[in-house]
Structure formats: C-alpha cells, structure tokens
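Peer 1: The structure follows.
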Amino acid sequence: MDIFEKLLKSLGPIGQHSDRAHGYFAFPKLEGEIGNRMQFRGKEKIVWSLNNYLGLANHPEVRQADIDAVSQFGLAYPMGARMMSGNSDHHDRLEKELSEFVKKEDTMLLNYGYQGILSAIDAICGRRDIIVYDAESHACIIDGVRLHPGHRYVFKHNDVADCEKQLKRATELAKTSGGGILVITEGVFGMGGDQGKLKEIVALKDTYEFRLLVDDAHGFGTIGATGAGCGEEQGCQDGIDLYFSTFAKSMASIGGFISGDKNIITYLRYNMRSQIFAKSLPMPYVLGNLKRLDMLRNRPELREKLWSNVKKLQQGLRDNGFDIGATDSPVTPIYLKGDIPEATAMCLDLRENYNIFCSIVVYPVIPKGQIIYRIIPTAAHTDEDIELTLKAFKETKEKLDAQVYKVAEIPMT
C-alpha cells in the first residue's frame, strides 16, 4: 500500500474541516503592527490571541535592540551548532543572567521551547526510568513522554493525591527496574490558566525519591514577586530540579532555556540531541532576548499593567455570569456549551460584527459539546478593549443560549 494512501483517506480530526476552516478559523492571517489591535481581512480587530503578555513584541526599545543586532551580526552569526562553532560571549551572558533571575546554578539556551523540553526528557530518561506526569501537560511534554522507552504513569490534572498514588506505583517499579523517577508538570497550564500544584508536589519529596521538571512557559515573566515564575510565587523554587521556559510568551521572541544544578545542565549541554545537532540560536535573538530580559526584570510597571488588565477582564466576565474555571494566571478561558458548527458561527459573529479576534478550542482538543474561548490579556490592552469585549461576549452568549448559532455545518467565509 502507498503510505500516503492512509493520509488521503482522513485529514485527521481537525484537518477534516480544512475546506471550510482554512484561512479563517485555522491559519488566519493577522496583519499590521503586533499589538492589541491588528488587521484581519482588511478590518481592525481587538486581538486576544497573542502570548505577548508584557507588550514587548513591538516595544520601541526592543525593536531598536533587534534592529541593532541584525545590523551588526545579520541572521547567520554564529554559524554551526553551539558545541562546534556556534558559541559566543553573548550566549554565555544570557545563560548567566537567566540563572541569576530564576535562582538556579546554571542554564542552557534552547533553539525552540517545544523541541527543547522534548529533547531534555529524552536525554534524562532511559529505558529503566519512570516518568510521572500531569494529564493536561502541554503537547511538547506529551511528545517527550511518548518517545520514552520506559514506563510512564499519568496523574489526574492537578490532583496531588493521584500524583502520590502514581509515585507509589513508580517507586515499586523502580525497585525492580533499577531506574529513577522524573515527575513533570507545569507552572501554568496553558488551556485552563490554573497554576500547577508545585509546592504540594515538592513536599512529596519528603516521602518519595524523584526529580521534578517544571514547564513554566506561561508563568515566567508574569507570575511571582519579580516575575521569576510559579516557583517564586509558591515559594518552592528550590524544590524544582529543572526549570524550563520559553522566550515565546512574556518575552515575545524565539527560543527557550532550561535551568538547574550546574552538573545536570552540563550533562544536558553535552547530551541533548536537538541542540547538539542543530544550529545555534542566531545572535539577533540572543541580544534581543538580553534586552527583553532586562526589561522584564527592571520594568515592573509592565507586569503591573498586565495584571491590572487581567483582573478587570476576569472580574468583568465573572460579573456577567461566565465560567472562567480556576484560572489564577493571565490565561483566561471562557467555558461554553455547543458543538463545532455553533462555535464557529459564534466566532464568526464576534469577528465580523463585534471586531473581536479570539481563538476557539473545540473537539477533539476538548470533549464534544464544549467550547472554550482562550483569551490572553496583555499589558498592551486598554480599558476600552476590555469594555467592548465584555459587551460582545455578553451579547453573543445570549445568542448562543437562544440557539441563534445553531447551524448544520461550519460557515463558509
């Protein structure tokens, strides 16, 4: 059989809607300056779909730092993998400053967050080792776990009792396998916005022998007294053995990092295949990220503005009777009932008649009959943006409840 034949029989649970969704609900094109308002199909929209938490994507100082770096180095420098010919003092400096900020001994830069954490899991865990991980972990973690040749146990989302239950199973297995245990969870879960139970999981170290890897992509830069993340917020950063984050969220850039004890980071530096066999992070990204990190550390007003907007938006949604779950981060989910055609019809109304651009999440990412709007407030949003958005959601929910959006299939756009 031609291996492509099976691909043509089914485009997958999301791809099956591509003929109607592509270019609008999937793969839309936002144009203009990155910010709270952008152009979509020639019209200005209030945009709630960008992980530009601190508004740094188009901050004048950041833009200038990027321009200066490109002018000095271009995009090619340094050439080659970091281990072979792609290192520089600037790469080392960024790692040092990140280590100081998240209070870890050492840090390793990663070309991309997704491939970085996946490759870290691969480098740490061998056939005899056991992984225990949260059921709602990000896809990058799930893919890393899928590649693991040994055993893995999943615990119910943020359920510390179930985590302990799986740790007991893992501990018994480790006695016979001779391996170790790696627990993986997140600082902030990107769909629901709730923080991981880091402090409680760290406390389990008093009873069980394991190491803890935390993906804090949404917490880094947004949460904690200084913005150093959920470990800082929960007072348990010392108990996190490997702290991972990406530059793609609060720093609005490319790349990522993993921090921990120096000897462990040294091991990863010499054994993570995605970094050993890939080109080094280009110099403009390194210098640009140094500038972003400086602003993240020394401009608390950016984080204060973010949280001011978060509180206004989330309280406004609650006051209007919306279910936004247990979020305690800027990630703001809006939980509604409806099928895929209804969700797309509502989204179409929001975009075309209310000029609100936000992203919907439907089956198979979540169970059938449910709709989630995932709203991302940023420091760039205004009070007017929030007021117009609250009005739009109040009116469109009334239409949803009245079955105005009840259609047979995804609308053509």
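Residues in the structure tokens are numbered from 1 in each chain, the chains being A, B, ... in the order shown, and ligands are numbered from 1 in the order shown.
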Using only C-alpha atoms, which residues sit within 9 Å of stretch 24-35 of chain A once same-chain residues fewer than 3 positions away are excluded, as a PyMOL selection string?

Peer 2: chain A and resi 18+20-21+38-42+46-47+50+52+55+57-58+344+347-348+359-360+378+380-381+413

Peer 1: Could you write out the selected residues, including N, CA, C and O atoms, as a CSV table (one decimal), in the first residue's frame?

Peer 2:
```
chain,number,residue,atom,x,y,z
A,18,SER,N,-10.8,21.4,7.1
A,18,SER,CA,-10.0,22.4,6.5
A,18,SER,C,-10.6,23.1,5.3
A,18,SER,O,-10.3,24.3,5.1
A,20,ARG,N,-13.4,24.3,5.0
A,20,ARG,CA,-14.2,25.5,5.4
A,20,ARG,C,-13.5,26.3,6.4
A,20,ARG,O,-13.7,27.5,6.5
A,21,ALA,N,-12.5,25.7,7.1
A,21,ALA,CA,-11.9,26.5,8.2
A,21,ALA,C,-10.6,27.2,7.8
A,21,ALA,O,-10.3,28.2,8.4
A,38,MET,N,-5.1,44.7,15.5
A,38,MET,CA,-4.5,44.4,14.3
A,38,MET,C,-5.5,44.3,13.2
A,38,MET,O,-6.7,44.3,13.4
A,39,GLN,N,-5.0,44.1,12.0
A,39,GLN,CA,-5.9,44.0,10.8
A,39,GLN,C,-6.1,42.5,10.5
A,39,GLN,O,-5.2,41.7,10.5
A,40,PHE,N,-7.4,42.2,10.3
A,40,PHE,CA,-7.8,40.8,9.9
A,40,PHE,C,-8.8,41.0,8.7
A,40,PHE,O,-9.8,41.6,8.8
A,41,ARG,N,-8.3,40.6,7.5
A,41,ARG,CA,-9.1,40.7,6.3
A,41,ARG,C,-9.5,42.1,6.1
A,41,ARG,O,-10.7,42.4,5.7
A,42,GLY,N,-8.6,43.0,6.3
A,42,GLY,CA,-8.8,44.4,6.0
A,42,GLY,C,-9.5,45.3,7.0
A,42,GLY,O,-9.8,46.4,6.8
A,46,ILE,N,-9.9,43.9,17.8
A,46,ILE,CA,-9.2,43.7,19.1
A,46,ILE,C,-8.7,42.3,19.2
A,46,ILE,O,-9.5,41.4,19.1
A,47,VAL,N,-7.4,42.1,19.4
A,47,VAL,CA,-6.8,40.8,19.3
A,47,VAL,C,-6.6,40.3,20.7
A,47,VAL,O,-5.9,40.9,21.5
A,50,LEU,N,-2.7,36.6,21.3
A,50,LEU,CA,-1.3,36.6,21.2
A,50,LEU,C,-0.7,36.5,22.6
A,50,LEU,O,-1.1,37.2,23.5
A,52,ASN,N,1.7,37.8,24.0
A,52,ASN,CA,2.6,39.0,24.1
A,52,ASN,C,2.3,39.6,25.4
A,52,ASN,O,1.9,40.8,25.5
A,55,GLY,N,3.6,43.0,26.4
A,55,GLY,CA,3.6,44.0,25.3
A,55,GLY,C,5.0,44.3,24.7
A,55,GLY,O,5.2,45.4,24.2
A,57,ALA,N,6.5,42.8,22.2
A,57,ALA,CA,6.7,42.5,20.8
A,57,ALA,C,7.1,43.7,19.9
A,57,ALA,O,7.9,43.6,19.0
A,58,ASN,N,6.4,44.8,20.2
A,58,ASN,CA,6.7,46.0,19.4
A,58,ASN,C,7.1,47.2,20.3
A,58,ASN,O,6.9,48.3,19.9
A,344,THR,N,-18.1,27.9,15.6
A,344,THR,CA,-17.6,28.7,14.5
A,344,THR,C,-18.5,29.8,14.1
A,344,THR,O,-18.1,30.9,13.8
A,347,CYS,N,-18.0,32.5,16.7
A,347,CYS,CA,-16.7,33.1,16.4
A,347,CYS,C,-16.8,34.1,15.2
A,347,CYS,O,-16.2,35.2,15.3
A,348,LEU,N,-17.5,33.6,14.2
A,348,LEU,CA,-17.7,34.5,13.0
A,348,LEU,C,-18.4,35.8,13.4
A,348,LEU,O,-18.0,36.9,12.9
A,359,SER,N,-9.5,33.1,19.8
A,359,SER,CA,-9.4,31.8,19.3
A,359,SER,C,-10.3,30.8,20.1
A,359,SER,O,-10.5,30.9,21.3
A,360,ILE,N,-11.0,29.9,19.3
A,360,ILE,CA,-11.8,28.9,19.9
A,360,ILE,C,-11.1,27.6,20.0
A,360,ILE,O,-10.3,27.3,19.1
A,378,THR,N,-3.0,41.2,27.7
A,378,THR,CA,-1.6,41.7,27.7
A,378,THR,C,-1.5,43.1,28.3
A,378,THR,O,-2.6,43.8,28.5
A,380,ALA,N,-0.6,45.5,26.7
A,380,ALA,CA,-0.9,46.5,25.6
A,380,ALA,C,-2.4,46.8,25.5
A,380,ALA,O,-2.8,47.8,24.9
A,381,HIS,N,-3.3,46.0,26.1
A,381,HIS,CA,-4.7,46.2,26.0
A,381,HIS,C,-5.1,47.4,26.8
A,381,HIS,O,-4.5,47.8,27.8
A,413,THR,N,-16.6,31.1,4.8
A,413,THR,CA,-16.1,32.5,5.0
A,413,THR,C,-15.5,33.1,3.7
A,413,THR,O,-15.0,32.3,2.9
```

Peer 1: With the cut-off set at 10 Å and counting only C-alpha atoms, tabulate each residue of stretch 262-329 of chain A with an atom at most that distance from an atom of stretch 228-236 of chain A, showing the nearest atom pair and its distance in Å to one decimal, ordered by chain and increasing number, as JSON lines.

Peer 2:
```
{"residue": "A:Leu296", "atom": "CA", "partner": "A:Ala228", "partner_atom": "CA", "distance": 9.3}
{"residue": "A:Arg297", "atom": "CA", "partner": "A:Ala228", "partner_atom": "CA", "distance": 8.6}
{"residue": "A:Ser329", "atom": "CA", "partner": "A:Cys230", "partner_atom": "CA", "distance": 9.7}
```

Peer 1: Can you list every residue of stretch 159-221 of chain A that has an atom at most 12 Å from stretch 95-112 of chain A, with its nearest atom pair and the distance in Å to one decimal, using only C-alpha atoms, ordered by chain then number, as CSV?

Peer 2:
```
residue,atom,partner,partner_atom,distance
A:Asp216,CA,A:Val102,CA,11.1
A:Ala217,CA,A:Tyr112,CA,11.8
A:Gly219,CA,A:Val102,CA,11.6
A:Phe220,CA,A:Val102,CA,8.9
A:Gly221,CA,A:Phe101,CA,10.2
```

Peer 1: Which residues come within 12 Å of A:Thr389, counting only C-alpha atoms, excluding same-chain residues fewer than 3 positions away, as a PDB file with N, CA and C atoms, in the first residue's frame?

Peer 2:
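So the final result, stored in around00.pdb, reads:
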```pdb
ATOM      1  N   ASN A  36      -2.505  45.236  20.546  1.00  0.00           N
ATOM      2  CA  ASN A  36      -3.860  44.938  20.996  1.00  0.00           C
ATOM      3  C   ASN A  36      -4.879  45.009  19.879  1.00  0.00           C
ATOM      4  N   LYS A  45      -9.287  44.670  14.317  1.00  0.00           N
ATOM      5  CA  LYS A  45      -9.868  43.815  15.345  1.00  0.00           C
ATOM      6  C   LYS A  45      -9.121  43.996  16.667  1.00  0.00           C
ATOM      7  N   ILE A  46      -9.857  43.854  17.764  1.00  0.00           N
ATOM      8  CA  ILE A  46      -9.212  43.749  19.073  1.00  0.00           C
ATOM      9  C   ILE A  46      -8.738  42.305  19.199  1.00  0.00           C
ATOM     10  N   VAL A  47      -7.442  42.122  19.395  1.00  0.00           N
ATOM     11  CA  VAL A  47      -6.843  40.786  19.323  1.00  0.00           C
ATOM     12  C   VAL A  47      -6.552  40.255  20.726  1.00  0.00           C
ATOM     13  N   TRP A  48      -7.083  39.044  20.995  1.00  0.00           N
ATOM     14  CA  TRP A  48      -6.894  38.394  22.297  1.00  0.00           C
ATOM     15  C   TRP A  48      -6.223  37.031  22.135  1.00  0.00           C
ATOM     16  N   LYS A 312      -9.348  43.185  35.567  1.00  0.00           N
ATOM     17  CA  LYS A 312     -10.538  43.848  35.016  1.00  0.00           C
ATOM     18  C   LYS A 312     -11.307  42.905  34.095  1.00  0.00           C
ATOM     19  N   LEU A 313     -10.589  42.212  33.233  1.00  0.00           N
ATOM     20  CA  LEU A 313     -11.247  41.320  32.285  1.00  0.00           C
ATOM     21  C   LEU A 313     -11.880  40.132  32.998  1.00  0.00           C
ATOM     22  N   GLN A 314     -11.123  39.477  33.867  1.00  0.00           N
ATOM     23  CA  GLN A 314     -11.643  38.280  34.518  1.00  0.00           C
ATOM     24  C   GLN A 314     -12.799  38.604  35.460  1.00  0.00           C
ATOM     25  N   GLY A 316     -14.830  41.144  35.155  1.00  0.00           N
ATOM     26  CA  GLY A 316     -15.947  41.513  34.292  1.00  0.00           C
ATOM     27  C   GLY A 316     -16.659  40.292  33.733  1.00  0.00           C
ATOM     28  N   LEU A 317     -15.899  39.285  33.358  1.00  0.00           N
ATOM     29  CA  LEU A 317     -16.507  38.049  32.854  1.00  0.00           C
ATOM     30  C   LEU A 317     -17.293  37.349  33.956  1.00  0.00           C
ATOM     31  N   ASN A 320     -20.548  38.960  34.710  1.00  0.00           N
ATOM     32  CA  ASN A 320     -21.548  38.715  33.666  1.00  0.00           C
ATOM     33  C   ASN A 320     -21.964  37.246  33.587  1.00  0.00           C
ATOM     34  N   LEU A 350     -18.468  37.234  16.363  1.00  0.00           N
ATOM     35  CA  LEU A 350     -17.554  38.043  17.168  1.00  0.00           C
ATOM     36  C   LEU A 350     -16.564  38.793  16.283  1.00  0.00           C
ATOM     37  N   ARG A 351     -16.031  38.111  15.293  1.00  0.00           N
ATOM     38  CA  ARG A 351     -15.023  38.742  14.438  1.00  0.00           C
ATOM     39  C   ARG A 351     -15.617  39.761  13.474  1.00  0.00           C
ATOM     40  N   ASN A 353     -18.890  41.157  13.339  1.00  0.00           N
ATOM     41  CA  ASN A 353     -19.861  42.163  13.791  1.00  0.00           C
ATOM     42  C   ASN A 353     -19.462  42.894  15.064  1.00  0.00           C
ATOM     43  N   TYR A 354     -18.514  42.311  15.810  1.00  0.00           N
ATOM     44  CA  TYR A 354     -18.045  42.960  17.028  1.00  0.00           C
ATOM     45  C   TYR A 354     -16.555  43.318  16.969  1.00  0.00           C
ATOM     46  N   ASN A 355     -15.891  42.896  15.914  1.00  0.00           N
ATOM     47  CA  ASN A 355     -14.455  43.164  15.708  1.00  0.00           C
ATOM     48  C   ASN A 355     -13.593  42.654  16.864  1.00  0.00           C
ATOM     49  N   ILE A 356     -13.949  41.466  17.353  1.00  0.00           N
ATOM     50  CA  ILE A 356     -13.198  40.795  18.416  1.00  0.00           C
ATOM     51  C   ILE A 356     -12.535  39.557  17.831  1.00  0.00           C
ATOM     52  N   PHE A 357     -11.209  39.513  17.851  1.00  0.00           N
ATOM     53  CA  PHE A 357     -10.484  38.349  17.336  1.00  0.00           C
ATOM     54  C   PHE A 357      -9.945  37.547  18.515  1.00  0.00           C
ATOM     55  N   CYS A 358     -10.506  36.365  18.708  1.00  0.00           N
ATOM     56  CA  CYS A 358     -10.001  35.447  19.723  1.00  0.00           C
ATOM     57  C   CYS A 358     -10.121  34.030  19.179  1.00  0.00           C
ATOM     58  N   ILE A 375      -8.682  33.442  26.030  1.00  0.00           N
ATOM     59  CA  ILE A 375      -8.396  34.870  25.951  1.00  0.00           C
ATOM     60  C   ILE A 375      -7.054  35.151  26.637  1.00  0.00           C
ATOM     61  N   PRO A 377      -5.024  38.273  27.901  1.00  0.00           N
ATOM     62  CA  PRO A 377      -4.816  39.707  28.149  1.00  0.00           C
ATOM     63  C   PRO A 377      -3.321  40.034  28.114  1.00  0.00           C
ATOM     64  N   HIS A 381      -3.261  45.957  26.128  1.00  0.00           N
ATOM     65  CA  HIS A 381      -4.695  46.194  26.004  1.00  0.00           C
ATOM     66  C   HIS A 381      -5.136  47.410  26.821  1.00  0.00           C
ATOM     67  N   THR A 382      -6.239  47.997  26.395  1.00  0.00           N
ATOM     68  CA  THR A 382      -6.769  49.202  27.038  1.00  0.00           C
ATOM     69  C   THR A 382      -8.097  48.894  27.737  1.00  0.00           C
ATOM     70  N   ASP A 383      -8.536  49.833  28.565  1.00  0.00           N
ATOM     71  CA  ASP A 383      -9.838  49.687  29.216  1.00  0.00           C
ATOM     72  C   ASP A 383     -10.955  49.601  28.173  1.00  0.00           C
ATOM     73  N   GLU A 384     -10.823  50.359  27.099  1.00  0.00           N
ATOM     74  CA  GLU A 384     -11.839  50.313  26.043  1.00  0.00           C
ATOM     75  C   GLU A 384     -11.890  48.933  25.402  1.00  0.00           C
ATOM     76  N   ASP A 385     -10.718  48.336  25.168  1.00  0.00           N
ATOM     77  CA  ASP A 385     -10.676  46.982  24.616  1.00  0.00           C
ATOM     78  C   ASP A 385     -11.461  46.024  25.506  1.00  0.00           C
ATOM     79  N   ILE A 386     -11.249  46.134  26.806  1.00  0.00           N
ATOM     80  CA  ILE A 386     -11.892  45.228  27.760  1.00  0.00           C
ATOM     81  C   ILE A 386     -13.401  45.463  27.781  1.00  0.00           C
ATOM     82  N   ALA A 392     -19.379  42.393  23.910  1.00  0.00           N
ATOM     83  CA  ALA A 392     -19.520  41.448  22.798  1.00  0.00           C
ATOM     84  C   ALA A 392     -19.823  40.042  23.299  1.00  0.00           C
ATOM     85  N   PHE A 393     -19.115  39.602  24.329  1.00  0.00           N
ATOM     86  CA  PHE A 393     -19.336  38.248  24.837  1.00  0.00           C
ATOM     87  C   PHE A 393     -20.697  38.122  25.518  1.00  0.00           C
ATOM     88  N   LYS A 394     -21.122  39.156  26.199  1.00  0.00           N
ATOM     89  CA  LYS A 394     -22.443  39.106  26.837  1.00  0.00           C
ATOM     90  C   LYS A 394     -23.535  38.932  25.790  1.00  0.00           C
ATOM     91  N   GLU A 395     -23.443  39.692  24.698  1.00  0.00           N
ATOM     92  CA  GLU A 395     -24.473  39.638  23.664  1.00  0.00           C
ATOM     93  C   GLU A 395     -24.414  38.343  22.863  1.00  0.00           C
ATOM     94  N   THR A 396     -23.210  37.877  22.547  1.00  0.00           N
ATOM     95  CA  THR A 396     -23.109  36.643  21.761  1.00  0.00           C
ATOM     96  C   THR A 396     -23.474  35.415  22.588  1.00  0.00           C
TER      97      THR A 396
END
```

Peer 1: Pick out the closest residue to A:Gly126 from this set: A:Arg211, A:Lys156, A:His148, A:His17. Count only C-alpha atoms.

Peer 2: A:His148

Peer 1: Can you pull out every residue within 10 Å of stretch 161-177 of chain A, counting only C-alpha atoms, but drop anything in the same chain fewer than 4 positions away, and send it as a list in words?

Peer 2: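 Contacts, in chain order: Arg127, Arg128, Asp129, Ile130, Ile131, Val132, Tyr133, Asp134, Gly150, His151, Arg152, Tyr153, Val154, Phe155, Lys156, His157, Ile181, Leu182, Val183, Glu200, Ile201, Leu204, Thr207, Tyr208, Glu209 and Phe210 of chain A.
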